[in-house]
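Participant: Have a look at this one before I ask anything.
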Amino acid sequence: MTDRDNSADTTQPPERDGADRDPLGPLVKSLRLVRGLSQEALALRCGLSPDTIRRVEHGKMNPTIATLRKIAHGLDLRLSSLVSLLERERVDVQLLALVDLISTIDNRTLAIVDAMVRTLIREMENPNK
């Protein structure tokens, strides 16, 4: 019996224990749900098939950079933002919703919000000053 060479197979990620799960699928699903999108709607926005979105969300596919770029675009994110979120140990859906909200405001309003949030955080970190 001959062993089959799966080195070129990019459809199935290697088996991992639960502690080392690939966070891409849950992240894509969370981002999709925060935006109120179905898998079909996200697929349409990405120019991908709904099956591709399902496979990514369920960890059944290792997407290419081109596919990740399309998914990021469909989620109104830059690819670098998606990768940055992947590198975080924990993704807070409330934070994602806030980022989503902030991404809709104009630059002038963004500058005001930025100054207000920075002031608020400084005040919270040093309440006695």
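Residues in the structure tokens are named by chain (A, B, ... in the order shown) and by number from 1 within that chain; ligands are numbered from 1 in the order shown.
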Run DSSP on the backbone and give me the residues of range 69-108 of chain A it puts in alpha helix (DSSP H), as number ranges by chain.
Facilitator: A: 69-74, 79-87, 93-102, 107-108
Participant: Since we have the selection now, will you write its residues out, keeping C-alpha atoms, as a PDB file, in the first residue's frame?
Facilitator:
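The resulting file, selection39.pdb, is shown below:
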ATOM      1  CA  ARG A  69      -7.918  39.910   0.763  1.00  0.00           C
ATOM      2  CA  LYS A  70     -11.375  39.328  -0.776  1.00  0.00           C
ATOM      3  CA  ILE A  71     -12.820  38.323   2.598  1.00  0.00           C
ATOM      4  CA  ALA A  72     -11.284  41.380   4.281  1.00  0.00           C
ATOM      5  CA  HIS A  73     -12.712  43.611   1.542  1.00  0.00           C
ATOM      6  CA  GLY A  74     -16.141  41.996   1.952  1.00  0.00           C
ATOM      7  CA  LEU A  79      -6.074  42.765   4.864  1.00  0.00           C
ATOM      8  CA  SER A  80      -3.584  44.116   7.412  1.00  0.00           C
ATOM      9  CA  SER A  81      -6.446  44.791   9.846  1.00  0.00           C
ATOM     10  CA  LEU A  82      -7.748  41.244   9.454  1.00  0.00           C
ATOM     11  CA  VAL A  83      -4.259  39.837  10.086  1.00  0.00           C
ATOM     12  CA  SER A  84      -3.812  42.132  13.077  1.00  0.00           C
ATOM     13  CA  LEU A  85      -7.079  40.862  14.551  1.00  0.00           C
ATOM     14  CA  LEU A  86      -5.891  37.292  13.979  1.00  0.00           C
ATOM     15  CA  GLU A  87      -2.757  37.970  16.000  1.00  0.00           C
ATOM     16  CA  VAL A  93     -16.990  41.412  19.439  1.00  0.00           C
ATOM     17  CA  GLN A  94     -17.977  44.655  21.156  1.00  0.00           C
ATOM     18  CA  LEU A  95     -14.623  46.147  20.141  1.00  0.00           C
ATOM     19  CA  LEU A  96     -15.197  44.972  16.583  1.00  0.00           C
ATOM     20  CA  ALA A  97     -18.617  46.625  16.546  1.00  0.00           C
ATOM     21  CA  LEU A  98     -17.047  49.861  17.795  1.00  0.00           C
ATOM     22  CA  VAL A  99     -14.349  49.709  15.124  1.00  0.00           C
ATOM     23  CA  ASP A 100     -17.055  49.095  12.555  1.00  0.00           C
ATOM     24  CA  LEU A 101     -18.977  52.153  13.770  1.00  0.00           C
ATOM     25  CA  ILE A 102     -15.885  54.364  13.813  1.00  0.00           C
ATOM     26  CA  ASN A 107     -12.012  62.411   9.187  1.00  0.00           C
ATOM     27  CA  ARG A 108     -12.950  65.559  11.103  1.00  0.00           C
TER      28      ARG A 108
END
Participant: Quick one: residues within 12 Å of Ala41 in chain A, only C-alpha atoms, excluding same-chain residues fewer than 6 positions away - as a VMD selection string?
Facilitator: chain A and resid 32 to 33 35 47 to 51 53 to 54 71 74 to 75
Participant: Could you jot down the CA of Asn126 in chain A to CA of Val113 in chain A separation for me, Å, one decimal place?
Facilitator: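 Computing the Euclidean distance for CA of Asn126 in chain A and CA of Val113 in chain A yields 19.9 Å.
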Participant: I'd like the interatomic distance between CA of Arg55 in chain A and CA of Glu40 in chain A, to a tenth of an Å.
Facilitator: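 So the two atoms, CA of Arg55 in chain A and CA of Glu40 in chain A, lie 12.5 Å apart.
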Participant: Looking at A:Asp92, A:Glu57, A:Asp114, A:Asp76, which one is nearest to Val28 in chain A, with distances taken over only C-alpha atoms?
Facilitator: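 That would be A:Glu57, the residue with the smallest distance to Val28 in chain A.
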Participant: Between CA of Gly25 in chain A and CA of Gly59 in chain A, what is the spacing in Å?
Facilitator: 5.5 Å
Participant: Given only C-alpha atoms as the basis, pick out the residue of A:Ala66, A:Leu110, A:Met124, A:Val34 nearest to Cys46 in chain A.
Facilitator: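 Smallest distance to Cys46 in chain A is found for A:Ala66.
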